[in-house]
file target_4.cif (mmCIF, C-alpha atoms and all ligand atoms)
data_start
loop_
_atom_site.label_atom_id
_atom_site.label_comp_id
_atom_site.auth_asym_id
_atom_site.auth_seq_id
_atom_site.Cartn_x
_atom_site.Cartn_y
_atom_site.Cartn_z
CA MET F 30 -5.90 10.35 19.83
CA ARG F 31 -8.76 10.28 17.38
CA ASN F 32 -9.32 7.26 15.17
CA ARG F 33 -7.54 7.80 11.93
CA TRP F 34 -6.76 5.23 9.25
CA TYR F 35 -3.11 5.08 8.20
CA GLY F 36 -1.91 3.48 4.97
CA ILE F 37 1.83 4.02 5.07
CA VAL F 38 4.51 2.81 2.68
CA LEU F 39 8.05 3.27 3.95
CA LEU F 40 10.63 3.77 1.20
CA GLY F 41 14.43 3.61 1.48
CA GLY F 42 17.34 1.46 0.36
CA PRO F 43 18.47 -1.74 2.10
CA GLY F 44 20.15 -0.61 5.33
CA SER F 45 18.40 2.77 5.43
CA GLY F 46 16.82 1.99 8.82
CA LYS F 47 13.32 1.26 7.46
CA GLY F 48 12.83 -1.79 9.65
CA THR F 49 13.83 -0.02 12.86
CA GLN F 50 11.68 3.01 12.11
CA ALA F 51 8.71 0.94 10.97
CA VAL F 52 8.67 -0.92 14.30
CA LEU F 53 8.77 2.37 16.26
CA LEU F 54 6.08 4.03 14.18
CA ALA F 55 3.84 0.96 14.24
CA SER F 56 4.00 0.88 18.02
CA THR F 57 3.20 4.62 18.27
CA LEU F 58 0.24 4.40 15.89
CA ASN F 59 -0.82 0.96 17.13
CA ILE F 60 -1.03 -0.50 13.66
CA PRO F 61 0.79 -3.55 12.23
CA HIS F 62 4.24 -3.36 10.69
CA ILE F 63 4.21 -5.54 7.60
CA SER F 64 7.64 -6.42 6.25
CA THR F 65 7.60 -8.61 3.14
CA GLY F 66 11.20 -9.67 3.89
CA ASP F 67 10.07 -10.87 7.35
CA LEU F 68 7.06 -12.66 5.83
CA PHE F 69 9.35 -14.49 3.40
CA ARG F 70 11.86 -15.35 6.15
CA GLY F 71 8.99 -16.58 8.38
CA ASN F 72 7.75 -18.83 5.56
CA LEU F 73 11.26 -20.11 5.00
CA LYS F 74 11.66 -20.94 8.68
CA GLN F 75 8.45 -22.96 8.53
CA GLY F 76 9.59 -24.65 5.31
CA THR F 77 6.50 -23.62 3.31
CA PRO F 78 6.62 -23.82 -0.53
CA LEU F 79 6.40 -20.01 -0.59
CA GLY F 80 9.43 -19.73 1.70
CA LEU F 81 11.47 -22.19 -0.37
CA LEU F 82 10.60 -20.38 -3.58
CA ALA F 83 11.51 -16.99 -2.04
CA LYS F 84 14.86 -18.30 -0.76
CA SER F 85 16.27 -18.83 -4.23
CA TYR F 86 15.70 -15.14 -5.00
CA MET F 87 16.66 -13.78 -1.59
CA ASP F 88 20.01 -15.62 -1.62
CA ARG F 89 20.96 -13.75 -4.79
CA GLY F 90 19.61 -10.38 -3.65
CA GLU F 91 16.98 -10.58 -6.44
CA LEU F 92 13.30 -9.74 -6.11
CA VAL F 93 10.75 -12.51 -5.62
CA PRO F 94 8.34 -12.41 -8.62
CA ASP F 95 5.62 -9.77 -8.32
CA GLU F 96 2.64 -12.12 -8.54
CA VAL F 97 3.92 -14.21 -5.61
CA THR F 98 4.71 -11.15 -3.47
CA VAL F 99 1.48 -9.30 -4.26
CA GLY F 100 -0.59 -12.40 -3.45
CA MET F 101 1.11 -12.72 -0.07
CA VAL F 102 0.59 -9.03 0.76
CA ARG F 103 -3.03 -9.14 -0.33
CA VAL F 104 -3.74 -11.95 2.14
CA ARG F 105 -1.89 -10.12 4.92
CA LEU F 106 -3.75 -6.84 4.34
CA SER F 107 -7.07 -8.68 4.59
CA GLU F 108 -6.35 -9.69 8.18
CA PRO F 109 -8.40 -7.96 10.90
CA ASP F 110 -5.44 -6.19 12.55
CA CYS F 111 -5.17 -4.03 9.40
CA ASP F 112 -8.56 -2.43 10.12
CA LYS F 113 -6.86 0.66 11.56
CA GLY F 114 -4.19 0.72 8.88
CA PHE F 115 -0.68 -0.62 8.31
CA ILE F 116 2.94 0.27 7.67
CA LEU F 117 4.44 -1.52 4.70
CA ASP F 118 8.20 -2.03 4.86
CA GLY F 119 9.91 -3.52 1.79
CA PHE F 120 6.73 -3.44 -0.29
CA PRO F 121 6.08 -2.23 -2.95
CA ARG F 122 9.49 -2.64 -4.57
CA THR F 123 8.47 -2.24 -8.21
CA ILE F 124 6.04 0.01 -10.05
CA ALA F 125 3.96 -3.08 -10.89
CA GLN F 126 3.70 -3.91 -7.17
CA ALA F 127 2.70 -0.31 -6.41
CA GLU F 128 -0.06 -0.46 -9.01
CA ALA F 129 -1.23 -3.81 -7.64
CA LEU F 130 -1.29 -2.32 -4.13
CA ASP F 131 -3.49 0.55 -5.36
CA LYS F 132 -5.94 -1.98 -6.77
CA VAL F 133 -6.05 -4.02 -3.56
CA LEU F 134 -6.64 -0.87 -1.49
CA LEU F 135 -9.32 0.32 -3.90
CA GLU F 136 -11.16 -2.97 -3.34
CA PHE F 137 -11.03 -2.21 0.39
CA GLY F 138 -12.24 1.36 -0.25
CA LYS F 139 -8.92 2.80 0.97
CA ALA F 140 -5.90 4.69 -0.38
CA LEU F 141 -2.39 5.34 0.90
CA THR F 142 -2.05 8.26 3.31
CA GLY F 143 1.73 8.79 3.38
CA VAL F 144 5.08 7.65 2.01
CA PRO F 145 8.06 8.63 4.19
CA TYR F 146 11.29 8.14 2.24
CA LEU F 147 14.47 7.51 4.21
CA HIS F 148 17.42 8.83 2.24
CA VAL F 149 20.90 7.42 2.97
CA SER F 150 23.94 7.64 0.65
CA ASP F 151 25.03 4.41 -1.11
CA ALA F 152 28.38 4.46 0.71
CA LEU F 153 26.66 4.55 4.10
CA LEU F 154 24.12 1.89 3.06
CA LEU F 155 27.00 -0.48 2.23
CA GLU F 156 28.81 0.35 5.45
CA ARG F 157 25.69 -0.34 7.51
CA LEU F 158 24.87 -3.59 5.72
CA SER F 159 28.42 -4.87 6.12
CA SER F 160 28.24 -4.34 9.88
CA ARG F 161 24.62 -5.51 10.32
CA TRP F 162 23.62 -8.13 12.90
CA THR F 163 20.02 -9.27 13.31
CA CYS F 164 18.32 -10.92 16.31
CA ARG F 165 16.94 -14.39 15.54
CA VAL F 166 14.10 -13.94 18.03
CA CYS F 167 12.77 -10.35 17.83
CA GLY F 168 14.34 -9.26 14.52
CA ALA F 169 16.09 -6.23 16.10
CA VAL F 170 18.90 -4.86 13.94
CA PHE F 171 22.34 -3.73 15.14
CA ASN F 172 25.23 -2.18 13.22
CA LYS F 173 28.02 0.37 13.66
CA VAL F 174 25.50 3.06 14.60
CA THR F 175 23.76 0.88 17.21
CA PRO F 176 26.48 -1.66 18.09
CA PRO F 177 25.35 -5.16 19.11
CA PRO F 178 25.77 -6.11 22.79
CA ARG F 179 28.40 -8.87 23.16
CA GLU F 180 26.05 -11.20 25.00
CA GLY F 181 23.16 -11.18 22.45
CA CYS F 182 20.14 -9.04 21.69
CA LYS F 183 19.07 -7.51 25.06
CA LYS F 184 16.35 -5.42 23.40
CA GLU F 185 13.36 -5.07 25.76
CA ASN F 186 14.33 -8.19 27.72
CA CYS F 187 14.95 -10.25 24.61
CA ASP F 188 18.02 -12.50 24.80
CA GLY F 189 17.94 -13.82 21.24
CA GLU F 190 21.06 -14.88 19.38
CA LEU F 191 22.44 -12.39 16.84
CA TYR F 192 23.30 -13.57 13.33
CA ARG F 193 24.31 -12.17 9.96
CA ARG F 194 21.56 -12.46 7.35
CA PRO F 195 22.82 -14.54 4.39
CA ASP F 196 21.79 -11.71 2.05
CA ASP F 197 24.00 -9.29 4.00
CA GLU F 198 27.13 -10.93 2.52
CA PRO F 199 29.19 -8.47 0.38
CA GLU F 200 28.32 -9.58 -3.19
CA THR F 201 24.62 -9.96 -2.37
CA GLN F 202 24.57 -6.55 -0.67
CA LYS F 203 25.95 -4.85 -3.77
CA ASN F 204 23.33 -6.59 -5.88
CA ARG F 205 20.55 -5.57 -3.50
CA ILE F 206 21.60 -1.93 -3.80
CA ARG F 207 21.74 -2.25 -7.62
CA VAL F 208 18.28 -3.83 -7.68
CA TYR F 209 17.00 -1.08 -5.37
CA GLU F 210 18.34 1.73 -7.61
CA LYS F 211 16.91 0.17 -10.74
CA GLN F 212 13.54 -1.19 -9.62
CA THR F 213 12.56 0.47 -6.35
CA ALA F 214 13.94 4.04 -6.49
CA PRO F 215 11.49 4.95 -9.32
CA LEU F 216 8.71 4.57 -6.73
CA ILE F 217 9.86 7.83 -5.13
CA ILE F 218 8.74 9.73 -8.24
CA PHE F 219 5.66 7.51 -8.64
CA TYR F 220 4.39 8.52 -5.18
CA ALA F 221 5.81 12.08 -5.25
CA LYS F 222 3.54 12.82 -8.21
CA ARG F 223 0.63 12.20 -5.83
CA GLY F 224 2.12 14.45 -3.17
CA LEU F 225 2.59 11.52 -0.78
CA VAL F 226 6.38 11.51 -0.35
CA VAL F 227 8.16 13.18 2.57
CA GLU F 228 11.95 12.85 2.37
CA ILE F 229 13.78 12.26 5.64
CA SER F 230 17.51 12.02 6.20
CA GLY F 231 18.16 8.48 7.37
CA GLU F 232 21.71 9.54 8.27
CA GLN F 233 20.56 11.11 11.56
CA ASP F 234 20.41 9.18 14.83
CA VAL F 235 17.43 6.90 15.44
CA GLN F 236 15.53 9.40 17.66
CA HIS F 237 15.78 12.28 15.19
CA VAL F 238 14.67 10.08 12.32
CA GLN F 239 11.78 8.94 14.51
CA LEU F 240 10.66 12.53 15.11
CA ASP F 241 10.85 13.30 11.39
CA MET F 242 8.83 10.16 10.69
CA LEU F 243 6.05 11.30 13.01
CA ARG F 244 5.93 14.68 11.28
CA ALA F 245 5.88 12.92 7.91
CA VAL F 246 2.67 11.12 8.85
CA ASN F 247 1.11 14.36 10.11
CA LEU F 248 1.43 13.96 13.83
CA GLU F 249 2.16 17.13 15.75
CA ILE F 250 4.96 16.54 18.21
CA VAL F 251 5.68 18.20 21.50
CA VAL F 252 9.38 17.48 21.89
CA ASP F 253 10.85 16.87 25.29
CA GLU F 254 13.61 19.56 25.08
CA PRO F 255 16.54 19.67 25.46
CA SER F 256 16.99 15.93 25.24
CA GLN F 257 15.11 15.80 21.90
CA LYS F 258 14.20 12.24 22.84
CA ALA F 259 11.29 10.71 20.99
CA ARG F 260 9.37 10.54 24.25
CA ALA F 261 7.26 13.09 22.44
CA SER F 262 3.62 13.72 23.24
CA LEU F 263 1.62 13.08 20.15
CA VAL F 264 -1.38 15.08 19.06
CA GLU F 265 -3.06 14.43 15.76
CA ASP F 266 -3.47 17.50 13.59
CA ASP F 267 -6.46 18.30 11.44
CA CYS F 268 -5.12 17.56 7.98
P1 LIG F 301 14.21 -7.17 3.11
O1 LIG F 301 14.12 -7.89 4.41
O2 LIG F 301 13.10 -6.17 2.89
O3 LIG F 301 15.56 -6.56 2.88
O4 LIG F 301 14.00 -8.27 1.97
C1 LIG F 301 14.87 -9.38 1.83
C2 LIG F 301 14.65 -10.04 0.48
O5 LIG F 301 13.30 -10.53 0.38
C3 LIG F 301 14.81 -9.12 -0.72
O6 LIG F 301 16.18 -8.96 -1.12
C4 LIG F 301 14.00 -9.89 -1.77
O7 LIG F 301 14.69 -11.03 -2.24
C5 LIG F 301 12.82 -10.39 -0.94
N1 LIG F 301 11.72 -9.38 -0.92
C6 LIG F 301 11.28 -8.66 0.16
N2 LIG F 301 10.28 -7.84 -0.20
C7 LIG F 301 10.08 -8.03 -1.53
C8 LIG F 301 9.21 -7.45 -2.49
N3 LIG F 301 8.33 -6.47 -2.16
N4 LIG F 301 9.26 -7.90 -3.76
C9 LIG F 301 10.12 -8.87 -4.12
N5 LIG F 301 11.01 -9.44 -3.28
C10 LIG F 301 11.00 -9.02 -1.99
#

call {"tool": "encode", "arguments": {"input": "target_4.cif", "output": "structure tokens", "more": "lines below"}}
Ligand code: AMP
result
Amino acid sequence: MRNRWYGIVLLGGPGSGKGTQAVLLASTLNIPHISTGDLFRGNLKQGTPLGLLAKSYMDRGELVPDEVTVGMVRVRLSEPDCDKGFILDGFPRTIAQAEALDKVLLEFGKALTGVPYLHVSDALLLERLSSRWTCRVCGAVFNKVTPPPREGCKKENCDGELYRRPDDEPETQKNRIRVYEKQTAPLIIFYAKRGLVVEISGEQDVQHVQLDMLRAVNLEIVVDEPSQKARASLVEDDC
């Protein structure tokens, strides 16, 4: 594969499968997966002031204030592993964050290259969130579609304990979906106006979504028929 810089923002509601797909795509493209939710949870685990501040918002399913979130992302994007690009998952979540991201990238002499949007109906989002279990160690996510093994995570030799995220409780879930519709969904139009958005059905199985994601970031895929597994050979196209 030739060296190409990827600036990818992954859009989709809570429970749309963004996290799972971001991990897969990041590993294929060999660029970091940056999840603001994970950064906040990591800070909380370490008991930093940023983590404690974020907790009060996360527990209610509200957004952490833009200036705090943008500052954290700015620092993360300055790290050397972002030299080849990045996949942002859970950021931006407001138009103000998107505009701030543009400014940060402009300073770096870069611009976004693609915005895959995972569409899942509200009813299915709620169903997935209410059955979601997350691994404490590797962050893998299980739900009705990918049921959790009884004995713990088991993903790629991980044996982490599975737990329910506090913000996956029913009232908080509903609020997260409301906040998403009001503050984050407008980003679809914001980026579509620049021709960056590719809509993907997040209601397909993980492998099919994965293939659509690769197409969305302009990778030509040679699918391993008939299994349609994402063991695809990847060849970069010329666009
Ligand atoms: P997530 O893991 O992406 O579902 O995020 C969990 C929670 O972290 C959200 O409900 C927010 O409280 C907070 N959070 C994550 N990303 C952002 C962001 N870009 N802006 C504000 N708050 C965020």

call {"tool": "closest_atom_pairs", "arguments": {"input": "target_4.cif", "of": "chain F", "to": "ligand LIG 301 (chain F)", "cutoff": "8 Å", "atoms": "all atoms listed in the file", "output": "Markdown table"}}
result
| residue | atom | partner | partner_atom | distance |
| --- | --- | --- | --- | --- |
| F:Pro43 | CA | F:LIG301 | O3 | 5.7 |
| F:Gly44 | CA | F:LIG301 | O3 | 7.9 |
| F:Ser64 | CA | F:LIG301 | O2 | 6.4 |
| F:Thr65 | CA | F:LIG301 | N2 | 4.4 |
| F:Gly66 | CA | F:LIG301 | O1 | 3.5 |
| F:Asp67 | CA | F:LIG301 | O1 | 5.8 |
| F:Phe69 | CA | F:LIG301 | O5 | 6.4 |
| F:Arg70 | CA | F:LIG301 | O5 | 7.7 |
| F:Ala83 | CA | F:LIG301 | O7 | 6.8 |
| F:Lys84 | CA | F:LIG301 | O7 | 7.4 |
| F:Tyr86 | CA | F:LIG301 | O7 | 5.1 |
| F:Met87 | CA | F:LIG301 | O7 | 3.4 |
| F:Asp88 | CA | F:LIG301 | O7 | 7.1 |
| F:Arg89 | CA | F:LIG301 | O7 | 7.3 |
| F:Gly90 | CA | F:LIG301 | O6 | 4.5 |
| F:Glu91 | CA | F:LIG301 | O7 | 4.8 |
| F:Leu92 | CA | F:LIG301 | N5 | 3.7 |
| F:Val93 | CA | F:LIG301 | N5 | 3.9 |
| F:Pro94 | CA | F:LIG301 | C9 | 6.0 |
| F:Asp95 | CA | F:LIG301 | N4 | 6.1 |
| F:Thr98 | CA | F:LIG301 | N4 | 5.6 |
| F:Val99 | CA | F:LIG301 | N3 | 7.7 |
| F:Asp118 | CA | F:LIG301 | O2 | 6.7 |
| F:Gly119 | CA | F:LIG301 | O2 | 4.3 |
| F:Phe120 | CA | F:LIG301 | N3 | 3.9 |
| F:Pro121 | CA | F:LIG301 | N3 | 4.9 |
| F:Arg122 | CA | F:LIG301 | N3 | 4.7 |
| F:Thr123 | CA | F:LIG301 | N4 | 7.2 |
| F:Gln126 | CA | F:LIG301 | N3 | 7.3 |
| F:Asp196 | CA | F:LIG301 | O6 | 7.0 |
| F:Arg205 | CA | F:LIG301 | O6 | 6.0 |

call {"tool": "atom_distance", "arguments": {"input": "target_4.cif", "atom1": "CA of Val174 in chain F", "atom2": "CA of Lys211 in chain F"}}
result
26.9 Å

call {"tool": "closest_residue", "arguments": {"input": "target_4.cif", "among": "F:Asp112, F:Val227, F:Pro195, F:Gly138", "to": "Asn247 in chain F", "atoms": "only C-alpha atoms"}}
result
F:Val227

call {"tool": "closest_atom_pairs", "arguments": {"input": "target_4.cif", "of": "range 114-202 of chain F", "to": "range 33-37 of chain F", "cutoff": "7 Å", "atoms": "all atoms listed in the file", "output": "tab-separated table"}}
result
residue	atom	partner	partner_atom	distance
F:Gly114	CA	F:Tyr35	CA	4.5
F:Phe115	CA	F:Gly36	CA	5.4
F:Ile116	CA	F:Ile37	CA	4.7
F:Leu117	CA	F:Ile37	CA	6.1
F:Ala140	CA	F:Gly36	CA	6.8
F:Leu141	CA	F:Gly36	CA	4.5
F:Thr142	CA	F:Gly36	CA	5.1
F:Gly143	CA	F:Ile37	CA	5.1
F:Val144	CA	F:Ile37	CA	5.8

call {"tool": "write_last_selection", "arguments": {"input": "target_4.cif", "atoms": "C-alpha atoms", "output": "PDB file, in the coordinates of the input"}}
result
ATOM      1  CA  GLY F 114      -4.190   0.720   8.880  1.00  0.00           C
ATOM      2  CA  PHE F 115      -0.680  -0.620   8.310  1.00  0.00           C
ATOM      3  CA  ILE F 116       2.940   0.270   7.670  1.00  0.00           C
ATOM      4  CA  LEU F 117       4.440  -1.520   4.700  1.00  0.00           C
ATOM      5  CA  ALA F 140      -5.900   4.690  -0.380  1.00  0.00           C
ATOM      6  CA  LEU F 141      -2.390   5.340   0.900  1.00  0.00           C
ATOM      7  CA  THR F 142      -2.050   8.260   3.310  1.00  0.00           C
ATOM      8  CA  GLY F 143       1.730   8.790   3.380  1.00  0.00           C
ATOM      9  CA  VAL F 144       5.080   7.650   2.010  1.00  0.00           C
TER      10      VAL F 144
END

call {"tool": "residues_around", "arguments": {"input": "target_4.cif", "residues": "Ser230 in chain F", "least_positions_apart": "6", "cutoff": "9 Å", "atoms": "all atoms listed in the file", "output": "count of residues only"}}
result
6

call {"tool": "atom_distance", "arguments": {"input": "target_4.cif", "atom1": "CA of Arg161 in chain F", "atom2": "CA of Gly46 in chain F"}}
result
10.9 Å

call {"tool": "closest_residue", "arguments": {"input": "target_4.cif", "among": "F:Val246, F:His62, F:Gly42, F:Tyr220", "to": "Val208 in chain F", "atoms": "only C-alpha atoms"}}
result
F:Gly42

call {"tool": "atom_distance", "arguments": {"input": "target_4.cif", "atom1": "CA of Trp162 in chain F", "atom2": "CA of Leu191 in chain F"}}
result
5.9 Å

call {"tool": "residues_around", "arguments": {"input": "target_4.cif", "residues": "range 179-183 of chain F", "least_positions_apart": "2", "cutoff": "10 Å", "atoms": "all atoms listed in the file", "output": "PyMOL selection string"}}
result
chain F and resi 162-171+176-177+185-192

call {"tool": "write_last_selection", "arguments": {"input": "target_4.cif", "atoms": "C-alpha atoms", "output": "compact mmCIF listing (two decimals), in the frame of the given file"}}
result
# COMPACT_ATOMS: atom_id res chain seq x y z
CA TRP F 162 23.62 -8.13 12.90
CA THR F 163 20.02 -9.27 13.31
CA CYS F 164 18.32 -10.92 16.31
CA ARG F 165 16.94 -14.39 15.54
CA VAL F 166 14.10 -13.94 18.03
CA CYS F 167 12.77 -10.35 17.83
CA GLY F 168 14.34 -9.26 14.52
CA ALA F 169 16.09 -6.23 16.10
CA VAL F 170 18.90 -4.86 13.94
CA PHE F 171 22.34 -3.73 15.14
CA PRO F 176 26.48 -1.66 18.09
CA PRO F 177 25.35 -5.16 19.11
CA GLU F 185 13.36 -5.07 25.76
CA ASN F 186 14.33 -8.19 27.72
CA CYS F 187 14.95 -10.25 24.61
CA ASP F 188 18.02 -12.50 24.80
CA GLY F 189 17.94 -13.82 21.24
CA GLU F 190 21.06 -14.88 19.38
CA LEU F 191 22.44 -12.39 16.84
CA TYR F 192 23.30 -13.57 13.33

call {"tool": "closest_residue", "arguments": {"input": "target_4.cif", "among": "F:Thr213, F:Gln202, F:Ser107, F:Thr49", "to": "Val235 in chain F", "atoms": "only C-alpha atoms"}}
result
F:Thr49
